[in-house]
$ cat input15.txt   # compact mmCIF, C-alpha atoms
# COMPACT_ATOMS: atom_id res chain seq x y z
CA MET A 1 82.16 49.87 -17.11
CA ILE A 2 81.67 46.10 -17.40
CA LYS A 3 81.26 44.49 -14.00
CA GLU A 4 83.63 41.64 -13.21
CA TYR A 5 81.75 38.55 -12.07
CA LYS A 6 83.38 36.09 -9.72
CA ILE A 7 81.18 33.03 -9.60
CA LEU A 8 80.97 30.36 -6.93
CA ILE A 9 79.04 27.17 -7.80
CA GLY A 10 78.05 24.70 -5.11
CA LEU A 11 77.71 23.29 -2.69
CA GLU A 12 77.17 19.74 -3.89
CA GLU A 13 77.30 17.79 -7.13
CA ILE A 14 74.24 16.36 -8.87
CA ALA A 15 75.02 13.96 -11.73
CA GLY A 16 77.92 16.08 -13.01
CA TYR A 17 75.79 19.23 -13.48
CA ASN A 18 78.02 21.62 -11.54
CA SER A 19 81.37 20.38 -12.84
CA ASN A 20 80.06 20.66 -16.41
CA LEU A 21 78.69 24.14 -15.76
CA LYS A 22 82.10 25.16 -14.44
CA LYS A 23 83.68 23.90 -17.68
CA GLY A 24 81.19 25.96 -19.64
CA PHE A 25 82.11 29.13 -17.76
CA LYS A 26 85.81 28.39 -18.23
CA LYS A 27 85.27 28.12 -21.99
CA LEU A 28 83.72 31.57 -21.87
CA GLY A 29 86.78 32.86 -20.02
CA ILE A 30 84.81 33.63 -16.86
CA ASP A 31 86.28 33.24 -13.37
CA CYS A 32 84.45 30.39 -11.70
CA THR A 33 84.96 27.98 -8.79
CA PHE A 34 82.96 24.88 -7.91
CA ILE A 35 83.18 23.47 -4.38
CA ASP A 36 81.43 20.33 -3.16
CA LEU A 37 80.87 20.15 0.59
CA THR A 38 79.19 16.76 0.52
CA TYR A 39 80.31 13.18 0.39
CA HIS A 40 78.31 10.53 -1.40
CA SER A 41 78.85 7.23 -3.23
CA PHE A 42 78.75 8.80 -6.71
CA GLN A 43 81.89 10.96 -6.60
CA TYR A 44 81.83 12.71 -9.96
CA GLY A 45 84.89 14.87 -9.35
CA GLY A 46 85.52 18.15 -11.10
CA ASP A 47 85.18 20.25 -7.96
CA ASP A 48 87.88 22.64 -6.73
CA LYS A 49 89.72 22.74 -3.41
CA PRO A 50 90.78 26.39 -3.55
CA ASN A 51 91.95 26.73 0.05
CA ILE A 52 93.01 24.77 3.11
CA PHE A 53 89.56 25.09 4.71
CA VAL A 54 87.81 23.26 1.86
CA LYS A 55 90.52 20.58 1.83
CA MET A 56 90.21 20.08 5.57
CA TYR A 57 86.42 20.03 5.41
CA ARG A 58 86.37 17.24 2.83
CA CYS A 59 88.95 15.27 4.79
CA VAL A 60 87.09 15.61 8.12
CA LEU A 61 83.77 14.81 6.44
CA HIS A 62 85.21 11.62 4.99
CA GLN A 63 86.55 10.59 8.42
CA ARG A 64 83.19 11.32 10.04
CA ILE A 65 81.46 9.00 7.59
CA LYS A 66 84.04 6.27 8.20
CA HIS A 67 83.80 6.59 12.00
CA ASP A 68 80.16 7.50 12.52
CA SER A 69 79.82 6.50 16.17
CA GLY A 70 77.96 8.28 18.93
CA ILE A 71 80.99 9.40 20.92
CA LEU A 72 82.55 11.20 17.94
CA LYS A 73 79.45 12.84 16.49
CA ILE A 74 79.66 16.04 18.55
CA PRO A 75 83.42 16.69 17.97
CA PHE A 76 82.99 16.06 14.24
CA PHE A 77 79.97 18.37 14.14
CA ILE A 78 81.85 21.19 15.89
CA ILE A 79 84.92 20.89 13.65
CA LEU A 80 82.83 20.76 10.47
CA MET A 81 80.74 23.74 11.56
CA LEU A 82 83.84 25.84 12.32
CA LEU A 83 85.33 24.95 8.94
CA ARG A 84 82.03 25.74 7.24
CA ILE A 85 82.02 29.20 8.85
CA LEU A 86 85.57 29.82 7.61
CA ILE A 87 84.63 28.66 4.09
CA PHE A 88 81.59 30.92 4.12
CA LEU A 89 83.71 33.94 5.16
CA TRP A 90 86.22 33.14 2.41
CA ALA A 91 83.36 32.85 -0.11
CA ILE A 92 81.74 36.19 0.70
CA ILE A 93 85.13 37.94 0.49
CA ASN A 94 86.05 36.42 -2.89
CA TYR A 95 82.79 35.98 -4.85
CA ASN A 96 79.88 38.16 -5.89
CA VAL A 97 77.71 35.54 -7.65
CA PHE A 98 76.50 32.39 -5.91
CA ILE A 99 74.93 29.62 -8.01
CA LEU A 100 73.57 27.18 -5.44
CA THR A 101 72.09 23.92 -6.70
CA GLY A 102 70.04 21.07 -5.30
CA GLY A 103 68.83 23.02 -2.27
CA SER A 104 72.38 23.51 -0.99
CA SER A 105 73.34 26.17 1.53
CA PHE A 106 76.23 26.95 3.85
CA PHE A 107 73.87 26.85 6.83
CA ARG A 108 70.47 25.20 6.43
CA HIS A 109 68.26 23.54 9.01
CA ASN A 110 64.60 22.49 8.94
CA GLY A 111 63.79 24.65 5.96
CA HIS A 112 65.71 27.71 7.22
CA TYR A 113 68.58 29.18 5.19
CA PHE A 114 70.67 31.12 7.69
CA ASP A 115 73.26 32.29 5.14
CA PHE A 116 70.83 33.76 2.59
CA PRO A 117 69.91 36.94 4.53
CA LEU A 118 73.59 37.87 4.93
CA LEU A 119 74.37 37.16 1.28
CA LYS A 120 71.47 39.39 0.29
CA LEU A 121 72.53 42.11 2.74
CA LEU A 122 76.03 42.08 1.21
CA ASN A 123 74.46 42.53 -2.24
CA LYS A 124 75.62 39.13 -3.52
CA LYS A 125 73.73 37.79 -6.51
CA ILE A 126 72.00 34.53 -5.52
CA ILE A 127 70.85 32.10 -8.22
CA ILE A 128 69.09 28.96 -7.00
CA SER A 129 68.93 26.01 -9.40
CA SER A 130 66.58 23.18 -8.46
CA PHE A 131 66.58 19.57 -9.65
CA GLY A 132 63.22 18.54 -8.19
CA SER A 133 63.62 16.37 -5.13
CA GLU A 134 64.40 19.32 -2.85
CA GLU A 135 61.16 21.18 -3.65
CA ARG A 136 58.64 18.77 -5.20
CA PRO A 137 55.55 18.32 -2.99
CA PRO A 138 56.12 15.08 -1.02
CA TYR A 139 52.60 13.79 -1.66
CA ILE A 140 53.38 13.54 -5.40
CA ASN A 141 57.01 12.44 -5.04
CA TRP A 142 58.00 8.78 -5.20
CA SER A 143 61.12 9.44 -3.10
CA ALA A 144 58.95 10.58 -0.18
CA SER A 145 56.57 7.65 -0.73
CA ARG A 146 59.45 5.20 -0.64
CA ILE A 147 60.52 6.51 2.76
CA ASN A 148 57.10 7.13 4.33
CA GLY A 149 54.85 4.59 2.69
CA ASN A 150 51.24 5.56 2.03
CA ASN A 151 49.97 5.43 5.60
CA ASP A 152 51.85 7.84 7.87
CA MET A 153 50.35 11.15 6.85
CA GLY A 154 52.04 12.86 9.78
CA LEU A 155 55.41 12.39 8.12
CA TYR A 156 54.04 13.66 4.82
CA LYS A 157 52.62 16.75 6.52
CA LYS A 158 55.87 17.46 8.38
CA LYS A 159 57.92 17.09 5.18
CA THR A 160 55.45 19.21 3.20
CA ASP A 161 55.57 22.03 5.77
CA MET A 162 59.38 21.98 5.76
CA ILE A 163 59.67 22.11 1.96
CA LYS A 164 57.07 24.88 1.76
CA LYS A 165 59.12 26.89 4.27
CA ARG A 166 62.32 26.17 2.33
CA VAL A 167 60.81 27.34 -0.97
CA ALA A 168 59.45 30.50 0.70
CA ALA A 169 62.98 31.37 1.87
CA ILE A 170 64.34 30.79 -1.64
CA ASP A 171 61.65 33.07 -3.07
CA ARG A 172 62.43 35.74 -0.50
CA TYR A 173 66.21 35.91 -0.77
CA SER A 174 67.22 34.75 -4.24
CA ASN A 175 67.68 37.03 -7.21
CA TYR A 176 66.73 34.31 -9.69
CA ILE A 177 65.39 30.77 -9.48
CA VAL A 178 65.92 28.11 -12.13
CA THR A 179 63.37 25.33 -11.75
CA HIS A 180 60.71 23.41 -13.66
CA PRO A 181 56.91 23.84 -13.77
CA GLY A 182 56.53 20.09 -13.20
CA TYR A 183 57.66 20.37 -9.57
CA ALA A 184 57.60 24.10 -8.70
CA HIS A 185 54.16 24.04 -7.03
CA PHE A 186 55.27 25.80 -3.83
CA HIS A 187 56.91 28.83 -5.45
CA GLN A 188 55.18 32.21 -5.36
CA LYS A 189 57.88 34.12 -7.24
CA ASN A 190 58.25 33.93 -11.03
CA PHE A 191 61.07 31.59 -12.01
CA ILE A 192 63.21 30.67 -15.02
CA LYS A 193 62.12 27.44 -16.71
CA GLY A 194 64.73 24.73 -16.24
CA LEU A 195 64.53 23.19 -19.70
CA ALA A 196 64.96 26.65 -21.24
CA ILE A 197 68.38 26.78 -19.56
CA GLY A 198 69.22 23.10 -20.07
CA ILE A 199 71.52 20.47 -18.58
CA PRO A 200 75.17 21.38 -19.23
CA PHE A 201 76.59 18.42 -21.11
CA ASN A 202 80.23 17.51 -21.53
CA ALA A 203 81.18 14.32 -23.38
CA SER A 204 84.48 13.99 -21.51
CA ASN A 205 82.53 12.68 -18.50
CA LEU A 206 81.58 9.61 -20.53
CA ASN A 207 85.19 8.38 -20.85
CA PHE A 208 84.56 8.06 -24.55
CA SER A 209 86.86 9.09 -27.38
CA ALA A 210 85.28 11.71 -29.59
CA SER A 211 87.11 10.17 -32.55
CA ASN A 212 84.85 7.12 -32.25
CA GLN A 213 81.69 9.17 -32.09
CA ASN A 214 80.69 8.90 -35.74
CA ASN A 215 81.03 5.13 -35.61
CA THR A 216 78.56 4.98 -32.72
CA ILE A 217 75.72 7.05 -34.13
CA GLY A 218 73.49 4.98 -36.36
CA THR A 219 75.16 1.67 -35.65
CA LYS A 220 73.65 -0.88 -38.00
CA PRO A 221 71.15 -3.06 -36.15
CA THR A 222 71.49 -6.77 -35.69
CA LYS A 223 68.51 -9.06 -36.35
CA SER A 224 67.02 -8.25 -32.98
CA VAL A 225 66.61 -4.74 -31.63
CA ARG A 226 68.71 -4.08 -28.54
CA ILE A 227 66.88 -2.03 -25.87
CA LEU A 228 68.61 -0.74 -22.74
CA HIS A 229 67.02 0.14 -19.40
CA SER A 230 69.28 1.23 -16.54
CA PRO A 231 67.19 2.27 -13.51
CA SER A 232 68.78 3.77 -10.42
CA ASP A 233 65.53 2.90 -8.63
CA PRO A 234 63.55 0.14 -10.40
CA ILE A 235 60.28 0.88 -8.59
CA GLY A 236 60.38 4.66 -9.02
CA LYS A 237 61.45 4.30 -12.64
CA GLY A 238 58.59 1.91 -13.40
CA SER A 239 60.80 -1.05 -14.41
CA ALA A 240 58.01 -3.60 -13.95
CA HIS A 241 55.81 -1.59 -16.31
CA ILE A 242 58.62 -1.50 -18.90
CA LYS A 243 59.32 -5.23 -18.65
CA LYS A 244 55.64 -5.98 -19.08
CA ALA A 245 55.62 -3.87 -22.26
CA ILE A 246 58.66 -5.75 -23.59
CA SER A 247 56.99 -9.11 -22.88
CA THR A 248 53.85 -7.99 -24.70
CA LEU A 249 55.88 -7.03 -27.77
CA LYS A 250 57.86 -10.27 -27.71
CA GLU A 251 54.57 -12.18 -27.65
CA LYS A 252 53.62 -10.31 -30.83
CA GLY A 253 56.69 -11.78 -32.48
CA TYR A 254 59.18 -8.91 -32.31
CA LEU A 255 62.84 -9.87 -31.89
CA ILE A 256 63.97 -7.82 -28.90
CA ASN A 257 67.14 -8.11 -26.85
CA PHE A 258 66.23 -6.33 -23.60
CA ILE A 259 69.15 -5.34 -21.36
CA GLU A 260 68.53 -4.13 -17.82
CA ILE A 261 71.43 -2.79 -15.75
CA THR A 262 71.06 -1.88 -12.09
CA GLY A 263 73.77 -0.96 -9.61
CA LYS A 264 76.64 -1.34 -12.05
CA PRO A 265 79.61 1.01 -12.57
CA HIS A 266 78.98 3.99 -14.84
CA GLN A 267 81.52 2.75 -17.39
CA GLU A 268 79.54 -0.45 -17.86
CA VAL A 269 76.38 1.53 -18.53
CA ILE A 270 78.22 3.70 -21.09
CA LYS A 271 79.50 0.57 -22.84
CA GLU A 272 75.95 -0.74 -23.16
CA LEU A 273 74.76 2.65 -24.40
CA GLN A 274 77.15 2.40 -27.33
CA SER A 275 75.85 -0.99 -28.41
CA CYS A 276 72.08 -0.56 -27.89
CA ASP A 277 69.57 0.71 -30.46
CA PHE A 278 67.57 2.86 -28.03
CA ILE A 279 66.80 3.22 -24.33
CA VAL A 280 63.65 3.17 -22.24
CA ASP A 281 64.46 5.52 -19.38
CA GLN A 282 61.47 5.59 -17.03
CA VAL A 283 57.67 5.62 -16.86
CA TYR A 284 56.64 8.39 -14.43
CA SER A 285 59.03 11.27 -15.14
CA ASP A 286 58.12 14.96 -14.97
CA THR A 287 60.89 15.86 -17.43
CA PRO A 288 61.46 14.54 -21.00
CA MET A 289 65.22 14.09 -20.79
CA ALA A 290 67.10 13.51 -17.56
CA VAL A 291 70.80 12.62 -17.24
CA PHE A 292 70.67 9.03 -18.53
CA ALA A 293 68.67 10.04 -21.59
CA THR A 294 71.10 12.93 -22.15
CA GLU A 295 74.04 10.53 -22.12
CA ALA A 296 72.22 8.23 -24.54
CA ALA A 297 71.59 11.21 -26.83
CA TRP A 298 75.32 11.86 -27.12
CA PHE A 299 75.68 8.43 -28.71
CA GLY A 300 72.77 9.07 -31.04
CA LYS A 301 70.51 6.68 -29.14
CA PRO A 302 66.92 7.93 -28.77
CA ALA A 303 65.06 7.66 -25.48
CA ILE A 304 61.52 6.73 -24.53
CA VAL A 305 60.42 8.55 -21.41
CA GLY A 306 57.00 8.15 -19.86
CA GLY A 307 55.35 10.75 -17.68
CA TYR A 308 52.02 12.42 -17.00
CA TYR A 309 53.69 15.79 -17.50
CA SER A 310 53.92 14.96 -21.22
CA GLY A 311 50.36 16.28 -21.49
CA TYR A 312 51.42 19.69 -20.13
CA ILE A 313 54.90 20.32 -21.47
CA HIS A 314 53.85 21.98 -24.73
CA ASN A 315 51.83 24.52 -22.75
CA HIS A 316 54.93 25.51 -20.79
CA TYR A 317 57.79 25.33 -23.30
CA SER A 318 58.38 26.20 -26.94
CA GLN A 319 59.24 23.30 -29.25
CA GLU A 320 62.84 24.55 -29.49
CA GLN A 321 63.27 24.27 -25.71
CA ILE A 322 62.05 20.66 -25.47
CA PRO A 323 64.80 18.03 -25.90
CA PRO A 324 64.08 15.37 -28.56
CA SER A 325 62.78 12.13 -27.08
CA ILE A 326 59.56 10.17 -27.19
CA TYR A 327 57.93 11.69 -24.14
CA CYS A 328 54.58 10.01 -23.67
CA HIS A 329 51.81 9.15 -21.22
CA PRO A 330 52.69 6.08 -19.10
CA ASP A 331 49.89 4.13 -20.82
CA GLU A 332 51.58 4.73 -24.19
CA ILE A 333 54.93 3.12 -23.32
CA THR A 334 54.17 -0.11 -25.21
CA PRO A 335 53.22 1.54 -28.55
CA ALA A 336 56.17 3.92 -28.19
CA ILE A 337 58.59 1.00 -27.86
CA GLU A 338 56.87 -0.77 -30.76
CA ARG A 339 57.32 2.28 -32.98
CA LEU A 340 61.07 2.44 -32.37
CA VAL A 341 61.39 -1.31 -32.90
CA VAL A 342 59.52 -1.22 -36.22
CA ASP A 343 60.55 2.13 -37.72
CA LYS A 344 64.32 2.08 -38.07
CA GLU A 345 64.46 5.34 -40.05
CA PHE A 346 62.45 7.20 -37.42
CA ARG A 347 64.62 5.70 -34.68
CA LEU A 348 67.87 6.81 -36.31
CA ASN A 349 66.56 10.28 -37.12
CA LEU A 350 65.35 10.82 -33.56
CA GLY A 351 68.75 9.69 -32.29
CA LYS A 352 70.50 12.21 -34.54
CA LYS A 353 68.19 15.01 -33.41
CA ALA A 354 68.87 14.14 -29.76
CA HIS A 355 72.63 14.06 -30.41
CA ASN A 356 72.60 17.45 -32.12
CA PHE A 357 70.53 18.90 -29.30
CA VAL A 358 72.90 17.91 -26.49
CA ARG A 359 75.95 18.79 -28.60
CA THR A 360 74.70 22.31 -29.33
CA THR A 361 71.72 23.59 -27.31
CA TRP A 362 72.72 21.77 -24.11
CA SER A 363 76.49 22.01 -24.46
CA ALA A 364 78.22 23.20 -21.30
CA GLU A 365 79.25 26.42 -23.02
CA GLN A 366 75.74 27.26 -24.26
CA VAL A 367 74.17 26.56 -20.86
CA ALA A 368 76.85 28.75 -19.23
CA LYS A 369 75.96 31.53 -21.70
CA ARG A 370 72.35 31.34 -20.58
CA TYR A 371 73.46 31.52 -16.94
CA MET A 372 75.40 34.66 -17.87
CA GLN A 373 72.16 36.11 -19.22
CA ILE A 374 70.60 35.35 -15.84
CA ILE A 375 73.49 36.98 -13.99
CA GLU A 376 73.35 40.07 -16.21
CA GLY A 377 69.54 40.27 -16.04
CA THR A 378 69.07 39.81 -19.80
CA ILE A 379 67.33 36.43 -19.82
CA PRO A 380 64.51 36.48 -22.45
CA GLU A 381 60.97 36.88 -21.14
CA GLU A 382 59.89 33.62 -22.82
CA CYS A 383 62.14 31.76 -20.38
CA MET A 384 60.14 33.01 -17.39
CA PHE A 385 57.17 31.25 -15.78
CA ASP A 386 54.48 32.31 -13.31
CA PRO A 387 53.90 29.54 -10.73
CA ASN A 388 50.24 30.59 -10.50
CA ASN A 389 49.81 28.96 -13.92
CA ILE A 390 50.81 25.48 -12.71
CA ARG A 391 48.03 22.92 -13.09
CA TYR A 392 50.07 19.70 -13.08
CA VAL A 393 49.11 17.33 -10.25
CA GLN A 394 50.34 13.79 -10.96
CA GLY A 395 53.93 14.27 -9.83
CA TYR A 396 56.91 11.96 -10.22
CA GLY A 397 57.73 8.29 -9.86
CA MET A 398 54.33 6.73 -9.19
CA PRO A 399 51.07 5.87 -10.96
CA GLU A 400 47.97 7.98 -10.50
CA PRO A 401 46.14 5.65 -8.04
CA GLN A 402 49.05 5.86 -5.60
CA SER A 403 49.36 9.66 -5.60
CA LYS A 404 45.57 10.04 -5.41
CA GLU A 405 45.44 7.85 -2.31
CA ILE A 406 48.18 9.85 -0.57
CA ILE A 407 46.51 13.18 -1.38
CA ARG A 408 43.10 11.91 -0.19
CA ASN A 409 44.61 10.72 3.07
CA MET A 410 46.34 14.07 3.56
CA ILE A 411 43.10 15.98 3.00
CA GLU A 412 41.00 13.69 5.20
CA GLN A 413 43.41 13.72 8.13
CA TYR A 414 44.73 17.29 8.04
CA GLY A 415 42.46 19.23 5.68
CA ILE A 416 43.09 20.65 2.23
CA GLU A 417 45.40 23.27 3.77
CA SER A 418 47.91 20.50 4.53
CA LEU A 419 48.83 20.54 0.83
CA CYS A 420 50.32 24.02 1.43
CA LEU A 421 48.72 25.42 -1.71
CA SER A 422 46.30 27.92 -0.20
CA ASP A 423 48.16 30.73 -1.99
CA LYS A 424 47.06 29.10 -5.29
CA PRO A 425 43.31 28.37 -4.88
CA GLU A 426 42.86 27.06 -8.43
CA LEU A 427 45.73 24.61 -8.11
CA GLU A 428 44.54 23.57 -4.64
CA GLN A 429 41.08 22.84 -6.06
CA ARG A 430 42.61 20.92 -8.92
CA PHE A 431 44.38 18.64 -6.47
CA ARG A 432 41.10 18.02 -4.66
CA GLU A 433 39.34 17.17 -7.92
CA TYR A 434 42.22 14.92 -8.99
CA ALA A 435 42.32 13.02 -5.70
CA TYR A 436 38.57 12.39 -5.66
CA ASP A 437 38.16 11.84 -9.42
CA VAL A 438 35.75 14.77 -9.68
CA ARG A 439 36.77 15.27 -13.28
CA GLU A 440 39.48 14.07 -15.61
CA SER A 441 42.79 15.82 -14.90
CA LYS A 442 44.48 17.28 -17.95
$ encode --input "input15.txt" --output "structure tokens"
Amino acid sequence: MIKEYKILIGLEEIAGYNSNLKKGFKKLGIDCTFIDLTYHSFQYGGDDKPNIFVKMYRCVLHQRIKHDSGILKIPFFIILMLLRILIFLWAIINYNVFILTGGSSFFRHNGHYFDFPLLKLLNKKIIISSFGSEERPPYINWSASRINGNNDMGLYKKKTDMIKKRVAAIDRYSNYIVTHPGYAHFHQKNFIKGLAIGIPFNASNLNFSASNQNNTIGTKPTKSVRILHSPSDPIGKGSAHIKKAISTLKEKGYLINFIEITGKPHQEVIKELQSCDFIVDQVYSDTPMAVFATEAAWFGKPAIVGGYYSGYIHNHYSQEQIPPSIYCHPDEITPAIERLVVDKEFRLNLGKKAHNFVRTTWSAEQVAKRYMQIIEGTIPEECMFDPNNIRYVQGYGMPEPQSKEIIRNMIEQYGIESLCLSDKPELEQRFREYAYDVRESK
């Protein structure tokens, strides 16, 4: 007898991932609901409001944000908590598979997941999908550095302890974890490699007519090469580094039209994507193709992505699992840009490869099929990864000197154990060697 799976995806949206995954399941004819119990400035849509409790929750949450004053905080908290309990009861009655993304939970506080033990007790299948920020060690995470600065190690230690506790709970209660070796340092349980599953892509989110698609790929270049950079966070994305590289190439005589877009509506970014020759995404990424590069790929526009993890990725993934981009060491950004400026044929071919990859391997339907393999327990062994094999130490969003300083300060003030890696002695030692330049980190 074939088991009927009723899938709940949630509980928040990250760059359209969940709504696209839902579309993929629907194409497979699989019952699936996506609910978003958050409110943020980038409202992607695509979530369901399957009952009055979810509708009321979203309405009350919106009012709380609009009227966030001290006198109303407690009443809003009580109402939202009661609604959340009702939504949780509805969910456990109606669904047997929970795909929870971005660290989301019905009831989470200070690294504790209070809903997970009950879900496990009720024999619900729990799949946790991570996007990085919710589990990456803070001392190698630009987002934490931006908030804490480099000096208050107490905040780093507190955040590190909380994330370590959070990851331990995920390891304990989940059936499967989808994450990425570039930021999965705290896991002790084998996980499924994120790039092997992919980012579910759906072109309808781009507000772009598929009938115009062939006219966009391989657009004939003008005299100058048009390069697009659209950072959500210019410092974390290394925008200064990219602009310096562009200036260097202009001084060499190359005709470059460099477009930088920050804080503009998504439609404006998509319009620029259609008219550029290629994009430079970021400098310190621990993944070769994030959302912006994936969108560019749909239009046949290749991406340059810098990151220290580029020296490790081929040890962790097969070539077929790695999305096509120029993924290079941060110091190689300038020659990478120069190559795409000079070699038109290479540029166009890379763009076509990237387009084919997101249209096929990372289509919403294909990613949903791989999630079904996870649910059914038939995911291929080559998609699995042992966290004890992680050796990557440079992290995300910042140059090596900055992360080294933070790690040194952590060790000197709170000891090596403050890195929360004592369960992985080799990795812990590697961080020590990296921070103190004992040997070159590879």
$ residues_around --input "input15.txt" --residues "range 93-95 of chain A" --least-positions-apart "4" --cutoff "7 Å" --atoms "only C-alpha atoms" --output "ChimeraX atom specification"
/A:6-8,89
$ closest_atom_pairs --input "input15.txt" --of "range 271-353 of chain A" --to "range 400-424 of chain A" --cutoff "12 Å" --atoms "all atoms listed in the file" --output "tab-separated table"
residue	atom	partner	partner_atom	distance
A:Val283	CA	A:Glu400	CA	11.8
A:Tyr284	CA	A:Glu400	CA	9.5
A:Gly307	CA	A:Glu400	CA	10.7
A:Tyr308	CA	A:Glu400	CA	8.9
A:Tyr309	CA	A:Glu400	CA	11.9
A:His329	CA	A:Glu400	CA	11.4
A:Pro330	CA	A:Glu400	CA	10.0
A:Asp331	CA	A:Glu400	CA	11.2
$ closest_atom_pairs --input "input15.txt" --of "range 317-436 of chain A" --to "range 185-200 of chain A" --cutoff "12 Å" --atoms "all atoms listed in the file" --output "JSON lines"
{"residue": "A:Tyr317", "atom": "CA", "partner": "A:Ala196", "partner_atom": "CA", "distance": 7.6}
{"residue": "A:Ser318", "atom": "CA", "partner": "A:Ala196", "partner_atom": "CA", "distance": 8.7}
{"residue": "A:Gln319", "atom": "CA", "partner": "A:Ala196", "partner_atom": "CA", "distance": 10.4}
{"residue": "A:Glu320", "atom": "CA", "partner": "A:Ala196", "partner_atom": "CA", "distance": 8.8}
{"residue": "A:Gln321", "atom": "CA", "partner": "A:Ala196", "partner_atom": "CA", "distance": 5.3}
{"residue": "A:Ile322", "atom": "CA", "partner": "A:Leu195", "partner_atom": "CA", "distance": 6.8}
{"residue": "A:Pro323", "atom": "CA", "partner": "A:Leu195", "partner_atom": "CA", "distance": 8.1}
{"residue": "A:Pro324", "atom": "CA", "partner": "A:Leu195", "partner_atom": "CA", "distance": 11.8}
{"residue": "A:Phe357", "atom": "CA", "partner": "A:Gly198", "partner_atom": "CA", "distance": 10.2}
{"residue": "A:Val358", "atom": "CA", "partner": "A:Pro200", "partner_atom": "CA", "distance": 8.4}
{"residue": "A:Arg359", "atom": "CA", "partner": "A:Pro200", "partner_atom": "CA", "distance": 9.8}
{"residue": "A:Thr360", "atom": "CA", "partner": "A:Pro200", "partner_atom": "CA", "distance": 10.2}
{"residue": "A:Thr361", "atom": "CA", "partner": "A:Gly198", "partner_atom": "CA", "distance": 7.7}
{"residue": "A:Trp362", "atom": "CA", "partner": "A:Pro200", "partner_atom": "CA", "distance": 5.5}
{"residue": "A:Ser363", "atom": "CA", "partner": "A:Pro200", "partner_atom": "CA", "distance": 5.4}
{"residue": "A:Ala364", "atom": "CA", "partner": "A:Pro200", "partner_atom": "CA", "distance": 4.1}
{"residue": "A:Glu365", "atom": "CA", "partner": "A:Pro200", "partner_atom": "CA", "distance": 7.5}
{"residue": "A:Gln366", "atom": "CA", "partner": "A:Pro200", "partner_atom": "CA", "distance": 7.8}
{"residue": "A:Val367", "atom": "CA", "partner": "A:Pro200", "partner_atom": "CA", "distance": 5.5}
{"residue": "A:Ala368", "atom": "CA", "partner": "A:Pro200", "partner_atom": "CA", "distance": 7.6}
{"residue": "A:Lys369", "atom": "CA", "partner": "A:Ile197", "partner_atom": "CA", "distance": 9.2}
{"residue": "A:Arg370", "atom": "CA", "partner": "A:Ile197", "partner_atom": "CA", "distance": 6.1}
{"residue": "A:Tyr371", "atom": "CA", "partner": "A:Ile197", "partner_atom": "CA", "distance": 7.4}
{"residue": "A:Met372", "atom": "CA", "partner": "A:Ile197", "partner_atom": "CA", "distance": 10.7}
{"residue": "A:Gln373", "atom": "CA", "partner": "A:Ile197", "partner_atom": "CA", "distance": 10.1}
{"residue": "A:Ile374", "atom": "CA", "partner": "A:Ile192", "partner_atom": "CA", "distance": 8.8}
{"residue": "A:Gly377", "atom": "CA", "partner": "A:Ile192", "partner_atom": "CA", "distance": 11.5}
{"residue": "A:Thr378", "atom": "CA", "partner": "A:Ile192", "partner_atom": "CA", "distance": 11.9}
{"residue": "A:Ile379", "atom": "CA", "partner": "A:Ile192", "partner_atom": "CA", "distance": 8.6}
{"residue": "A:Pro380", "atom": "CA", "partner": "A:Ile192", "partner_atom": "CA", "distance": 9.5}
{"residue": "A:Glu381", "atom": "CA", "partner": "A:Ile192", "partner_atom": "CA", "distance": 9.0}
{"residue": "A:Glu382", "atom": "CA", "partner": "A:Ala196", "partner_atom": "CA", "distance": 8.8}
{"residue": "A:Cys383", "atom": "CA", "partner": "A:Ile192", "partner_atom": "CA", "distance": 5.6}
{"residue": "A:Met384", "atom": "CA", "partner": "A:Ile192", "partner_atom": "CA", "distance": 4.5}
{"residue": "A:Phe385", "atom": "CA", "partner": "A:Phe191", "partner_atom": "CA", "distance": 5.4}
{"residue": "A:Asp386", "atom": "CA", "partner": "A:Asn190", "partner_atom": "CA", "distance": 4.7}
{"residue": "A:Pro387", "atom": "CA", "partner": "A:His187", "partner_atom": "CA", "distance": 6.1}
{"residue": "A:Asn388", "atom": "CA", "partner": "A:Gln188", "partner_atom": "CA", "distance": 7.3}
{"residue": "A:Asn389", "atom": "CA", "partner": "A:His185", "partner_atom": "CA", "distance": 9.5}
{"residue": "A:Ile390", "atom": "CA", "partner": "A:His185", "partner_atom": "CA", "distance": 6.7}
{"residue": "A:Arg391", "atom": "CA", "partner": "A:His185", "partner_atom": "CA", "distance": 8.7}
{"residue": "A:Tyr392", "atom": "CA", "partner": "A:His185", "partner_atom": "CA", "distance": 8.5}
{"residue": "A:Val393", "atom": "CA", "partner": "A:His185", "partner_atom": "CA", "distance": 9.0}
{"residue": "A:Gln394", "atom": "CA", "partner": "A:His185", "partner_atom": "CA", "distance": 11.6}
{"residue": "A:Gly395", "atom": "CA", "partner": "A:His185", "partner_atom": "CA", "distance": 10.2}
{"residue": "A:Leu419", "atom": "CA", "partner": "A:Phe186", "partner_atom": "CA", "distance": 9.5}
{"residue": "A:Cys420", "atom": "CA", "partner": "A:Phe186", "partner_atom": "CA", "distance": 7.4}
{"residue": "A:Leu421", "atom": "CA", "partner": "A:Phe186", "partner_atom": "CA", "distance": 6.9}
{"residue": "A:Ser422", "atom": "CA", "partner": "A:Phe186", "partner_atom": "CA", "distance": 9.9}
{"residue": "A:Asp423", "atom": "CA", "partner": "A:Gln188", "partner_atom": "CA", "distance": 7.9}
{"residue": "A:Lys424", "atom": "CA", "partner": "A:Gln188", "partner_atom": "CA", "distance": 8.7}
{"residue": "A:Pro425", "atom": "CA", "partner": "A:His185", "partner_atom": "CA", "distance": 11.9}
{"residue": "A:Glu426", "atom": "CA", "partner": "A:His185", "partner_atom": "CA", "distance": 11.8}
{"residue": "A:Leu427", "atom": "CA", "partner": "A:His185", "partner_atom": "CA", "distance": 8.5}
{"residue": "A:Glu428", "atom": "CA", "partner": "A:His185", "partner_atom": "CA", "distance": 9.9}
{"residue": "A:Phe431", "atom": "CA", "partner": "A:His185", "partner_atom": "CA", "distance": 11.2}
